[in-house]
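Asks: See coords_3.pdb below, with PDB, C-alpha atoms.
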ATOM      1  CA  MET Z   1     -47.961 -23.890 -11.922  1.00  0.00           C
ATOM      2  CA  ASN Z   2     -45.717 -22.867  -9.067  1.00  0.00           C
ATOM      3  CA  PHE Z   3     -42.525 -21.062 -10.007  1.00  0.00           C
ATOM      4  CA  ASP Z   4     -39.495 -21.250  -7.749  1.00  0.00           C
ATOM      5  CA  TYR Z   5     -37.885 -17.816  -7.589  1.00  0.00           C
ATOM      6  CA  ASN Z   6     -35.124 -16.637  -5.295  1.00  0.00           C
ATOM      7  CA  SER Z   7     -37.434 -13.934  -4.036  1.00  0.00           C
ATOM      8  CA  THR Z   8     -39.902 -16.562  -2.789  1.00  0.00           C
ATOM      9  CA  ARG Z   9     -37.273 -18.751  -1.120  1.00  0.00           C
ATOM     10  CA  SER Z  10     -36.065 -18.413   2.441  1.00  0.00           C
ATOM     11  CA  LYS Z  11     -33.202 -16.021   3.027  1.00  0.00           C
ATOM     12  CA  LEU Z  12     -29.669 -17.400   2.887  1.00  0.00           C
ATOM     13  CA  ILE Z  13     -27.905 -16.811   6.173  1.00  0.00           C
ATOM     14  CA  LEU Z  14     -24.385 -17.209   4.704  1.00  0.00           C
ATOM     15  CA  ALA Z  15     -24.712 -16.656   0.973  1.00  0.00           C
ATOM     16  CA  GLU Z  16     -21.092 -17.590   0.204  1.00  0.00           C
ATOM     17  CA  TYR Z  17     -21.915 -21.284   0.793  1.00  0.00           C
ATOM     18  CA  GLY Z  18     -24.909 -21.319  -1.535  1.00  0.00           C
ATOM     19  CA  ARG Z  19     -28.444 -22.710  -1.456  1.00  0.00           C
ATOM     20  CA  ASN Z  20     -27.435 -26.386  -1.508  1.00  0.00           C
ATOM     21  CA  VAL Z  21     -25.445 -26.163   1.733  1.00  0.00           C
ATOM     22  CA  GLN Z  22     -28.343 -24.327   3.340  1.00  0.00           C
ATOM     23  CA  ASN Z  23     -30.757 -27.094   2.316  1.00  0.00           C
ATOM     24  CA  MET Z  24     -28.407 -29.816   3.567  1.00  0.00           C
ATOM     25  CA  VAL Z  25     -28.036 -28.130   6.949  1.00  0.00           C
ATOM     26  CA  ASP Z  26     -31.823 -27.763   7.206  1.00  0.00           C
ATOM     27  CA  HIS Z  27     -32.156 -31.469   6.417  1.00  0.00           C
ATOM     28  CA  ILE Z  28     -29.644 -32.433   9.113  1.00  0.00           C
ATOM     29  CA  CYS Z  29     -31.763 -30.602  11.673  1.00  0.00           C
ATOM     30  CA  THR Z  30     -34.694 -32.915  10.839  1.00  0.00           C
ATOM     31  CA  VAL Z  31     -32.745 -36.213  11.074  1.00  0.00           C
ATOM     32  CA  PRO Z  32     -33.834 -38.053  14.275  1.00  0.00           C
ATOM     33  CA  SER Z  33     -30.658 -40.129  14.777  1.00  0.00           C
ATOM     34  CA  ARG Z  34     -27.845 -38.271  16.486  1.00  0.00           C
ATOM     35  CA  GLU Z  35     -25.215 -40.562  15.003  1.00  0.00           C
ATOM     36  CA  GLU Z  36     -26.539 -39.918  11.511  1.00  0.00           C
ATOM     37  CA  ARG Z  37     -26.580 -36.165  12.177  1.00  0.00           C
ATOM     38  CA  ASN Z  38     -22.930 -36.264  13.223  1.00  0.00           C
ATOM     39  CA  ARG Z  39     -21.975 -38.166  10.078  1.00  0.00           C
ATOM     40  CA  LEU Z  40     -23.877 -35.787   7.787  1.00  0.00           C
ATOM     41  CA  ALA Z  41     -22.489 -32.753   9.615  1.00  0.00           C
ATOM     42  CA  GLN Z  42     -18.933 -33.955   8.961  1.00  0.00           C
ATOM     43  CA  VAL Z  43     -19.746 -34.364   5.267  1.00  0.00           C
ATOM     44  CA  VAL Z  44     -21.145 -30.837   5.112  1.00  0.00           C
ATOM     45  CA  ILE Z  45     -18.072 -29.465   6.920  1.00  0.00           C
ATOM     46  CA  ASP Z  46     -15.805 -31.071   4.302  1.00  0.00           C
ATOM     47  CA  MET Z  47     -17.920 -29.613   1.493  1.00  0.00           C
ATOM     48  CA  MET Z  48     -17.847 -26.171   3.071  1.00  0.00           C
ATOM     49  CA  GLY Z  49     -14.049 -26.344   3.163  1.00  0.00           C
ATOM     50  CA  VAL Z  50     -13.971 -27.177  -0.559  1.00  0.00           C
ATOM     51  CA  LEU Z  51     -16.324 -24.310  -1.425  1.00  0.00           C
ATOM     52  CA  ASN Z  52     -14.215 -21.793   0.501  1.00  0.00           C
ATOM     53  CA  PRO Z  53     -10.547 -22.761   0.116  1.00  0.00           C
ATOM     54  CA  HIS Z  54      -9.400 -19.273   1.149  1.00  0.00           C
ATOM     55  CA  LEU Z  55     -10.399 -20.094   4.725  1.00  0.00           C
ATOM     56  CA  ARG Z  56      -7.571 -22.611   4.884  1.00  0.00           C
ATOM     57  CA  ASP Z  57      -5.163 -19.726   5.374  1.00  0.00           C
ATOM     58  CA  VAL Z  58      -6.856 -19.051   8.713  1.00  0.00           C
ATOM     59  CA  SER Z  59      -5.131 -20.649  11.689  1.00  0.00           C
ATOM     60  CA  ASP Z  60      -8.376 -22.064  13.195  1.00  0.00           C
ATOM     61  CA  PHE Z  61      -9.778 -23.243   9.870  1.00  0.00           C
ATOM     62  CA  LYS Z  62     -11.923 -26.113  11.200  1.00  0.00           C
ATOM     63  CA  HIS Z  63     -13.160 -24.098  14.137  1.00  0.00           C
ATOM     64  CA  LYS Z  64     -14.415 -21.391  11.791  1.00  0.00           C
ATOM     65  CA  LEU Z  65     -16.254 -23.930   9.622  1.00  0.00           C
ATOM     66  CA  TRP Z  66     -18.045 -25.407  12.632  1.00  0.00           C
ATOM     67  CA  ASP Z  67     -19.086 -21.938  13.762  1.00  0.00           C
ATOM     68  CA  HIS Z  68     -20.445 -21.287  10.277  1.00  0.00           C
ATOM     69  CA  LEU Z  69     -22.387 -24.547  10.436  1.00  0.00           C
ATOM     70  CA  TYR Z  70     -24.180 -23.395  13.569  1.00  0.00           C
ATOM     71  CA  ILE Z  71     -24.822 -19.972  12.057  1.00  0.00           C
ATOM     72  CA  ILE Z  72     -26.346 -21.479   8.897  1.00  0.00           C
ATOM     73  CA  SER Z  73     -28.686 -23.627  11.002  1.00  0.00           C
ATOM     74  CA  ASP Z  74     -29.678 -20.551  13.032  1.00  0.00           C
ATOM     75  CA  PHE Z  75     -28.169 -22.360  16.053  1.00  0.00           C
ATOM     76  CA  LYS Z  76     -30.798 -25.133  15.824  1.00  0.00           C
ATOM     77  CA  ILE Z  77     -28.538 -28.035  14.797  1.00  0.00           C
ATOM     78  CA  ASP Z  78     -27.770 -30.581  17.519  1.00  0.00           C
ATOM     79  CA  VAL Z  79     -24.500 -32.360  16.750  1.00  0.00           C
ATOM     80  CA  ASP Z  80     -21.311 -33.224  18.599  1.00  0.00           C
ATOM     81  CA  SER Z  81     -18.854 -30.451  17.759  1.00  0.00           C
ATOM     82  CA  PRO Z  82     -15.125 -30.809  18.542  1.00  0.00           C
ATOM     83  CA  TYR Z  83     -15.124 -27.112  19.494  1.00  0.00           C
ATOM     84  CA  PRO Z  84     -17.151 -25.061  21.976  1.00  0.00           C
ATOM     85  CA  ILE Z  85     -20.642 -24.413  20.681  1.00  0.00           C
ATOM     86  CA  PRO Z  86     -21.134 -20.694  19.988  1.00  0.00           C
ATOM     87  CA  SER Z  87     -24.203 -18.821  21.110  1.00  0.00           C
ATOM     88  CA  LYS Z  88     -26.293 -16.365  19.165  1.00  0.00           C
ATOM     89  CA  GLU Z  89     -25.420 -13.562  21.571  1.00  0.00           C
ATOM     90  CA  GLU Z  90     -21.683 -14.058  21.058  1.00  0.00           C
ATOM     91  CA  ILE Z  91     -21.869 -14.153  17.266  1.00  0.00           C
ATOM     92  CA  ARG Z  92     -24.313 -11.286  16.834  1.00  0.00           C
ATOM     93  CA  HIS Z  93     -22.921  -9.107  19.553  1.00  0.00           C
ATOM     94  CA  LYS Z  94     -23.220  -5.400  18.724  1.00  0.00           C
ATOM     95  CA  PRO Z  95     -20.255  -3.250  19.715  1.00  0.00           C
ATOM     96  CA  GLU Z  96     -20.806  -0.385  22.070  1.00  0.00           C
ATOM     97  CA  PRO Z  97     -20.943   3.028  20.399  1.00  0.00           C
ATOM     98  CA  LEU Z  98     -17.795   5.079  20.757  1.00  0.00           C
ATOM     99  CA  PRO Z  99     -18.269   8.399  22.487  1.00  0.00           C
ATOM    100  CA  TYR Z 100     -17.644  11.386  20.250  1.00  0.00           C
ATOM    101  CA  PRO Z 101     -14.888  13.678  21.595  1.00  0.00           C
ATOM    102  CA  GLN Z 102     -16.383  16.758  23.200  1.00  0.00           C
ATOM    103  CA  HIS Z 103     -13.288  18.959  23.466  1.00  0.00           C
ATOM    104  CA  ARG Z 104     -13.892  22.676  23.335  1.00  0.00           C
ATOM    105  CA  ILE Z 105     -10.959  23.945  21.278  1.00  0.00           C
ATOM    106  CA  ARG Z 106     -10.334  27.646  21.621  1.00  0.00           C
ATOM    107  CA  PHE Z 107      -8.288  28.051  18.438  1.00  0.00           C
ATOM    108  CA  LYS Z 108      -9.440  25.242  16.165  1.00  0.00           C
ATOM    109  CA  HIS Z 109      -6.801  25.850  13.512  1.00  0.00           C
ATOM    110  CA  TYR Z 110      -4.154  24.792  16.056  1.00  0.00           C
ATOM    111  CA  GLY Z 111      -5.988  21.683  17.224  1.00  0.00           C
ATOM    112  CA  HIS Z 112      -6.465  20.014  20.579  1.00  0.00           C
ATOM    113  CA  ILE Z 113      -2.948  18.543  20.647  1.00  0.00           C
ATOM    114  CA  VAL Z 114      -1.438  22.020  20.978  1.00  0.00           C
ATOM    115  CA  GLU Z 115      -3.505  22.676  24.092  1.00  0.00           C
ATOM    116  CA  SER Z 116      -2.328  19.375  25.591  1.00  0.00           C
ATOM    117  CA  MET Z 117       1.280  20.277  24.812  1.00  0.00           C
ATOM    118  CA  ILE Z 118       0.856  23.655  26.482  1.00  0.00           C
ATOM    119  CA  GLU Z 119      -0.506  21.999  29.630  1.00  0.00           C
ATOM    120  CA  LYS Z 120       2.478  19.636  29.731  1.00  0.00           C
ATOM    121  CA  ALA Z 121       4.922  22.517  29.274  1.00  0.00           C
ATOM    122  CA  MET Z 122       3.281  24.575  32.010  1.00  0.00           C
ATOM    123  CA  ALA Z 123       3.777  21.691  34.447  1.00  0.00           C
ATOM    124  CA  VAL Z 124       7.569  21.592  33.884  1.00  0.00           C
ATOM    125  CA  PRO Z 125       9.350  23.210  36.863  1.00  0.00           C
ATOM    126  CA  HIS Z 126      12.715  23.810  35.208  1.00  0.00           C
ATOM    127  CA  GLU Z 127      12.800  27.237  33.554  1.00  0.00           C
ATOM    128  CA  GLU Z 128      15.292  26.432  30.771  1.00  0.00           C
ATOM    129  CA  THR Z 129      13.508  23.220  29.806  1.00  0.00           C
ATOM    130  CA  ARG Z 130      10.161  24.988  29.811  1.00  0.00           C
ATOM    131  CA  GLN Z 131      11.548  27.723  27.547  1.00  0.00           C
ATOM    132  CA  LYS Z 132      12.804  25.143  25.031  1.00  0.00           C
ATOM    133  CA  MET Z 133       9.449  23.411  25.062  1.00  0.00           C
ATOM    134  CA  THR Z 134       7.738  26.770  24.541  1.00  0.00           C
ATOM    135  CA  LEU Z 135       9.820  27.445  21.447  1.00  0.00           C
ATOM    136  CA  GLY Z 136       9.062  23.976  20.091  1.00  0.00           C
ATOM    137  CA  ILE Z 137       5.331  24.446  20.668  1.00  0.00           C
ATOM    138  CA  ALA Z 138       5.430  27.806  18.873  1.00  0.00           C
ATOM    139  CA  ASN Z 139       7.136  26.219  15.856  1.00  0.00           C
ATOM    140  CA  PHE Z 140       4.503  23.473  15.834  1.00  0.00           C
ATOM    141  CA  MET Z 141       1.752  26.104  16.005  1.00  0.00           C
ATOM    142  CA  LYS Z 142       3.240  27.832  12.985  1.00  0.00           C
ATOM    143  CA  MET Z 143       3.265  24.574  11.065  1.00  0.00           C
ATOM    144  CA  ALA Z 144      -0.387  23.960  11.997  1.00  0.00           C
ATOM    145  CA  TYR Z 145      -1.259  27.520  10.988  1.00  0.00           C
ATOM    146  CA  LEU Z 146       0.366  27.048   7.572  1.00  0.00           C
ATOM    147  CA  THR Z 147      -1.988  24.130   6.924  1.00  0.00           C
ATOM    148  CA  TRP Z 148      -4.931  26.550   6.753  1.00  0.00           C
ATOM    149  CA  ASN Z 149      -3.341  29.809   5.656  1.00  0.00           C
ATOM    150  CA  LYS Z 150      -0.165  29.835   3.565  1.00  0.00           C
ATOM    151  CA  ASP Z 151      -0.248  33.517   2.554  1.00  0.00           C
ATOM    152  CA  SER Z 152      -0.084  35.576   5.738  1.00  0.00           C
ATOM    153  CA  VAL Z 153       1.706  34.000   8.699  1.00  0.00           C
ATOM    154  CA  ASN Z 154       2.865  36.381  11.393  1.00  0.00           C
ATOM    155  CA  ASP Z 155       5.231  35.083  14.053  1.00  0.00           C
ATOM    156  CA  LEU Z 156       4.093  37.795  16.458  1.00  0.00           C
ATOM    157  CA  GLN Z 157       0.480  36.622  16.162  1.00  0.00           C
ATOM    158  CA  ILE Z 158       1.492  33.030  16.963  1.00  0.00           C
ATOM    159  CA  ILE Z 159       3.478  34.198  19.991  1.00  0.00           C
ATOM    160  CA  GLN Z 160       0.468  36.165  21.226  1.00  0.00           C
ATOM    161  CA  ASP Z 161      -1.832  33.147  20.747  1.00  0.00           C
ATOM    162  CA  LEU Z 162       0.573  30.957  22.693  1.00  0.00           C
ATOM    163  CA  LYS Z 163       0.690  33.486  25.486  1.00  0.00           C
ATOM    164  CA  GLU Z 164      -3.111  33.654  25.602  1.00  0.00           C
ATOM    165  CA  LEU Z 165      -3.582  29.872  25.526  1.00  0.00           C
ATOM    166  CA  SER Z 166      -1.105  29.377  28.384  1.00  0.00           C
ATOM    167  CA  GLY Z 167      -2.573  32.125  30.541  1.00  0.00           C
ATOM    168  CA  PHE Z 168       0.565  34.316  30.108  1.00  0.00           C
ATOM    169  CA  VAL Z 169       2.777  31.538  31.514  1.00  0.00           C
ATOM    170  CA  LEU Z 170       4.619  30.545  28.309  1.00  0.00           C
ATOM    171  CA  VAL Z 171       6.036  33.801  27.003  1.00  0.00           C
ATOM    172  CA  LEU Z 172       8.514  34.257  24.154  1.00  0.00           C
ATOM    173  CA  PRO Z 173      10.289  37.489  23.167  1.00  0.00           C
ATOM    174  CA  GLU Z 174       8.485  39.431  20.451  1.00  0.00           C
ATOM    175  CA  ASP Z 175      11.545  39.372  18.182  1.00  0.00           C
ATOM    176  CA  THR Z 176      11.636  35.559  18.162  1.00  0.00           C
ATOM    177  CA  VAL Z 177      11.917  34.152  14.625  1.00  0.00           C
ATOM    178  CA  LEU Z 178       9.998  30.910  14.308  1.00  0.00           C
ATOM    179  CA  THR Z 179      11.094  28.127  12.017  1.00  0.00           C
ATOM    180  CA  LYS Z 180       8.963  27.483   8.954  1.00  0.00           C
ATOM    181  CA  LEU Z 181       8.155  23.787   8.983  1.00  0.00           C
ATOM    182  CA  ASP Z 182       6.122  22.428   6.097  1.00  0.00           C
ATOM    183  CA  PHE Z 183       5.664  18.679   6.181  1.00  0.00           C
ATOM    184  CA  ARG Z 184       4.221  17.467   2.924  1.00  0.00           C
ATOM    185  CA  THR Z 185       3.444  13.868   2.078  1.00  0.00           C
ATOM    186  CA  PRO Z 186       3.956  12.812  -1.544  1.00  0.00           C
ATOM    187  CA  PRO Z 187       0.712  12.409  -3.497  1.00  0.00           C
ATOM    188  CA  PRO Z 188      -0.474   8.872  -4.222  1.00  0.00           C
ATOM    189  CA  GLY Z 189       0.973   7.383  -7.359  1.00  0.00           C
ATOM    190  CA  ASN Z 190       4.083   9.569  -7.278  1.00  0.00           C
ATOM    191  CA  ARG Z 191       7.079   7.617  -8.438  1.00  0.00           C
ATOM    192  CA  VAL Z 192      10.717   8.615  -8.355  1.00  0.00           C
ATOM    193  CA  LYS Z 193      12.673   7.677 -11.431  1.00  0.00           C
ATOM    194  CA  SER Z 194      15.160   5.031 -10.526  1.00  0.00           C
ATOM    195  CA  GLN Z 195      18.752   5.475 -11.492  1.00  0.00           C
ATOM    196  CA  THR Z 196      20.400   3.353 -14.131  1.00  0.00           C
ATOM    197  CA  PRO Z 197      21.452   0.042 -12.577  1.00  0.00           C
ATOM    198  CA  ALA Z 198      25.132  -0.568 -12.201  1.00  0.00           C
ATOM    199  CA  GLY Z 199      24.967  -3.562 -14.516  1.00  0.00           C
ATOM    200  CA  ASN Z 200      23.349  -1.589 -17.349  1.00  0.00           C
ATOM    201  CA  HIS Z 201      25.779   1.305 -16.854  1.00  0.00           C
ATOM    202  CA  ASN Z 202      28.763  -1.011 -17.096  1.00  0.00           C
ATOM    203  CA  GLN Z 203      27.197  -2.683 -20.099  1.00  0.00           C
ATOM    204  CA  LYS Z 204      26.803   0.681 -21.856  1.00  0.00           C
ATOM    205  CA  GLN Z 205      30.395   1.557 -21.058  1.00  0.00           C
ATOM    206  CA  ALA Z 206      31.546  -1.785 -22.374  1.00  0.00           C
ATOM    207  CA  SER Z 207      29.566  -1.379 -25.588  1.00  0.00           C
ATOM    208  CA  GLY Z 208      30.880   2.187 -25.968  1.00  0.00           C
ATOM    209  CA  SER Z 209      34.459   1.009 -25.527  1.00  0.00           C
ATOM    210  CA  ASN Z 210      34.061  -1.399 -28.463  1.00  0.00           C
ATOM    211  CA  TYR Z 211      33.080   1.417 -30.826  1.00  0.00           C
ATOM    212  CA  PRO Z 212      36.606   2.898 -31.371  1.00  0.00           C
ATOM    213  CA  LYS Z 213      37.965  -0.604 -31.920  1.00  0.00           C
ATOM    214  CA  LYS Z 214      35.431  -1.313 -34.670  1.00  0.00           C
ATOM    215  CA  GLN Z 215      36.079   2.065 -36.279  1.00  0.00           C
ATOM    216  CA  TYR Z 216      39.806   1.382 -36.235  1.00  0.00           C
ATOM    217  CA  GLN Z 217      39.266  -1.974 -37.975  1.00  0.00           C
ATOM    218  CA  ASN Z 218      37.088  -0.351 -40.644  1.00  0.00           C
ATOM    219  CA  ASN Z 219      39.719   2.300 -41.302  1.00  0.00           C
ATOM    220  CA  ASN Z 220      42.377  -0.392 -41.729  1.00  0.00           C
ATOM    221  CA  ASN Z 221      40.199  -2.264 -44.200  1.00  0.00           C
ATOM    222  CA  ASN Z 222      39.628   0.910 -46.205  1.00  0.00           C
ATOM    223  CA  ASN Z 223      43.348   1.668 -46.261  1.00  0.00           C
ATOM    224  CA  ASN Z 224      44.159  -1.867 -47.467  1.00  0.00           C
ATOM    225  CA  ASN Z 225      41.602  -1.546 -50.264  1.00  0.00           C
ATOM    226  CA  ASN Z 226      43.018   1.800 -51.361  1.00  0.00           C
ATOM    227  CA  ASN Z 227      46.580   0.444 -51.346  1.00  0.00           C
ATOM    228  CA  GLY Z 228      45.473  -2.514 -53.457  1.00  0.00           C
ATOM    229  CA  ARG Z 229      43.923  -0.201 -56.066  1.00  0.00           C
ATOM    230  CA  LYS Z 230      47.075   1.904 -56.204  1.00  0.00           C
ATOM    231  CA  ARG Z 231      49.280  -1.151 -56.779  1.00  0.00           C
ATOM    232  CA  GLN Z 232      46.936  -2.382 -59.483  1.00  0.00           C
ATOM    233  CA  SER Z 233      46.933   0.978 -61.274  1.00  0.00           C
ATOM    234  CA  SER Z 234      50.749   1.160 -61.143  1.00  0.00           C
ATOM    235  CA  ASN Z 235      51.067  -2.311 -62.632  1.00  0.00           C
ATOM    236  CA  THR Z 236      48.718  -1.507 -65.477  1.00  0.00           C
ATOM    237  CA  GLY Z 237      50.510   1.705 -66.299  1.00  0.00           C
ATOM    238  CA  GLY Z 238      47.591   3.837 -65.509  1.00  0.00           C
ATOM    239  CA  SER Z 239      45.432   2.379 -68.284  1.00  0.00           C
ATOM    240  CA  GLY Z 240      43.426   0.242 -65.981  1.00  0.00           C
ATOM    241  CA  LYS Z 241      44.110  -2.875 -68.084  1.00  0.00           C
ATOM    242  CA  ARG Z 242      46.083  -5.923 -67.220  1.00  0.00           C
ATOM    243  CA  PRO Z 243      49.550  -6.404 -68.811  1.00  0.00           C
ATOM    244  CA  TYR Z 244      48.472  -9.148 -71.186  1.00  0.00           C
ATOM    245  CA  GLN Z 245      45.567  -7.002 -72.416  1.00  0.00           C
ATOM    246  CA  ASN Z 246      47.866  -4.149 -73.499  1.00  0.00           C
ATOM    247  CA  SER Z 247      48.449  -3.940 -77.241  1.00  0.00           C
ATOM    248  CA  ASN Z 248      52.154  -3.174 -76.759  1.00  0.00           C
ATOM    249  CA  TYR Z 249      52.706  -6.270 -74.751  1.00  0.00           C
ATOM    250  CA  LYS Z 250      54.802  -8.872 -76.513  1.00  0.00           C
ATOM    251  CA  LYS Z 251      54.845 -12.475 -75.730  1.00  0.00           C
TER     252      LYS Z 251
END
Show how you would write the structure in this file as structure tokens.

Replies:
Amino acid sequence: MNFDYNSTRSKLILAEYGRNVQNMVDHICTVPSREERNRLAQVVIDMMGVLNPHLRDVSDFKHKLWDHLYIISDFKIDVDSPYPIPSKEEIRHKPEPLPYPQHRIRFKHYGHIVESMIEKAMAVPHEETRQKMTLGIANFMKMAYLTWNKDSVNDLQIIQDLKELSGFVLVLPEDTVLTKLDFRTPPPGNRVKSQTPAGNHNQKQASGSNYPKKQYQNNNNNNNNNNGRKRQSSNTGGSGKRPYQNSNYKK
């Protein structure tokens, strides 16, 4: 008995379309009539669109399905495609490796950007502009230094490092006070409590304004009840009985 396991079957080239689409594409490759192959290929394209409806959001939806048809057939299918036929080299093109940056950073805690900024500032001919840029670079160096060491930050040390990096071209006075810049991004998931909407605030005020009115109505009702009891007690002579229930009452 021969068992049909997935491990013994041929590998699926595009697994998202399933084994049945793979078998149908393999069958189309064996059909001798070109007209019949074109008809069956159109049927398979329609089925592939049904199996992957998310591809319909792509602008070139049909073009992508036809490219997938050629990929599933391992570029062996011979049908009339309404789009340019892709090649195996274009689809399976490997990108060129990106060169790793080989910058030799003298003070790594400042980064390579600081060295580029110093070079730009050294090329400025105007003295006043260069001095302003030097102060800005020193403040940026202090911010970069605080990223790695928040306890001991000496402005004089940063000024000396700037002088050394620039080859004693960008020089600041030793009594210069650098600005402490600490840019912090909020942690993920941090939410700021939203203020009470204007509609809810007005609604609370409206509901609060009704409270004294209700209390005033309750007080009036209590006063009316008390006045009624007093009138009743005065009519009964303080005995709490009605006039016709009193023994001294004469018809």

Asks: Which residues would end up in the selection if the PyMOL selection byres ((chain Z and resi 147-150) around 12) were applied here, given that I need the answer as a PyMOL selection string?

Replies: chain Z and resi 108-111+140-146+151-154+180-184

Asks: Report, in Å to a single decimal, how far apart CA of Arg9 in chain Z and CA of Lys76 in chain Z are.

Replies: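 Pair CA of Lys76 in chain Z / CA of Arg9 in chain Z returns 19.2 Å.
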
Asks: Given the file above and the PyMOL selection byres ((chain Z and resi 16-29) around 7), which residues are selected, and can you give them as a PDB file with C-alpha atoms, in the frame of the given file?

Replies:
ATOM      1  CA  LEU Z  12     -29.669 -17.400   2.887  1.00  0.00           C
ATOM      2  CA  LEU Z  14     -24.385 -17.209   4.704  1.00  0.00           C
ATOM      3  CA  ALA Z  15     -24.712 -16.656   0.973  1.00  0.00           C
ATOM      4  CA  THR Z  30     -34.694 -32.915  10.839  1.00  0.00           C
ATOM      5  CA  VAL Z  31     -32.745 -36.213  11.074  1.00  0.00           C
ATOM      6  CA  ARG Z  37     -26.580 -36.165  12.177  1.00  0.00           C
ATOM      7  CA  LEU Z  40     -23.877 -35.787   7.787  1.00  0.00           C
ATOM      8  CA  MET Z  48     -17.847 -26.171   3.071  1.00  0.00           C
ATOM      9  CA  LEU Z  51     -16.324 -24.310  -1.425  1.00  0.00           C
ATOM     10  CA  ILE Z  72     -26.346 -21.479   8.897  1.00  0.00           C
ATOM     11  CA  SER Z  73     -28.686 -23.627  11.002  1.00  0.00           C
ATOM     12  CA  LYS Z  76     -30.798 -25.133  15.824  1.00  0.00           C
ATOM     13  CA  ILE Z  77     -28.538 -28.035  14.797  1.00  0.00           C
TER      14      ILE Z  77
END

Asks: (0.0, 22.7, 23.1) in this file's frame - what residues fall within 9 Å of it? Use all atoms listed in the file and give the answer as a PyMOL selection string.

Replies: chain Z and resi 110-121+134+137-138+140-141+162+165-166

Asks: For a test of reading the model, state the distance in Å between CA of Pro95 in chain Z and CA of His63 in chain Z, rounded to one decimal.

Replies: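 Spanning CA of Pro95 in chain Z to CA of His63 in chain Z is a straight-line distance of 22.7 Å.
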
Asks: Using all atoms listed in the file, which residues sit within 10 Å of Tyr70 in chain Z once same-chain residues fewer than 2 positions away are excluded, as a PyMOL selection string?

Replies: chain Z and resi 25+65-68+72-79+81+85-88

Asks: Could you work out how far CA of Ile105 in chain Z lies from CA of Leu135 in chain Z, giving the answer in Å with one decimal?

Replies: 21.1 Å

Asks: Using all atoms of range 149-160 of chain Z that appear in the file, construct an axis-aligned enclosing box with 3 Å of padding on every side and provide its centre coordinates and edge lengths in Å, rounded to one decimal, as lines of an AutoDock Vina configuration file.

Replies:
center_x = 0.9
center_y = 33.8
center_z = 11.9
size_x = 14.6
size_y = 14.0
size_z = 24.7

Asks: So which residues touch Phe168 in chain Z within 12 Å, counting all atoms listed in the file, skipping near sequence neighbours fewer than 4 positions away, as a count of residues only?

Replies: 10

Asks: Would you write out, as a compact mmCIF listing (two decimals) with C-alpha atoms, keeping the file's coordinate frame, every residue that the PyMOL selection byres ((chain Z and resi 46) around 12) captures in this file?

Replies:
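Result file is selection.txt:
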# COMPACT_ATOMS: atom_id res chain seq x y z
CA VAL Z 21 -25.44 -26.16 1.73
CA ARG Z 39 -21.98 -38.17 10.08
CA LEU Z 40 -23.88 -35.79 7.79
CA ALA Z 41 -22.49 -32.75 9.62
CA GLN Z 42 -18.93 -33.96 8.96
CA VAL Z 43 -19.75 -34.36 5.27
CA VAL Z 44 -21.14 -30.84 5.11
CA ILE Z 45 -18.07 -29.46 6.92
CA MET Z 47 -17.92 -29.61 1.49
CA MET Z 48 -17.85 -26.17 3.07
CA GLY Z 49 -14.05 -26.34 3.16
CA VAL Z 50 -13.97 -27.18 -0.56
CA LEU Z 51 -16.32 -24.31 -1.42
CA ASN Z 52 -14.22 -21.79 0.50
CA PRO Z 53 -10.55 -22.76 0.12
CA ARG Z 56 -7.57 -22.61 4.88
CA PHE Z 61 -9.78 -23.24 9.87
CA LYS Z 62 -11.92 -26.11 11.20
CA LEU Z 65 -16.25 -23.93 9.62
CA TRP Z 66 -18.05 -25.41 12.63
CA LEU Z 69 -22.39 -24.55 10.44
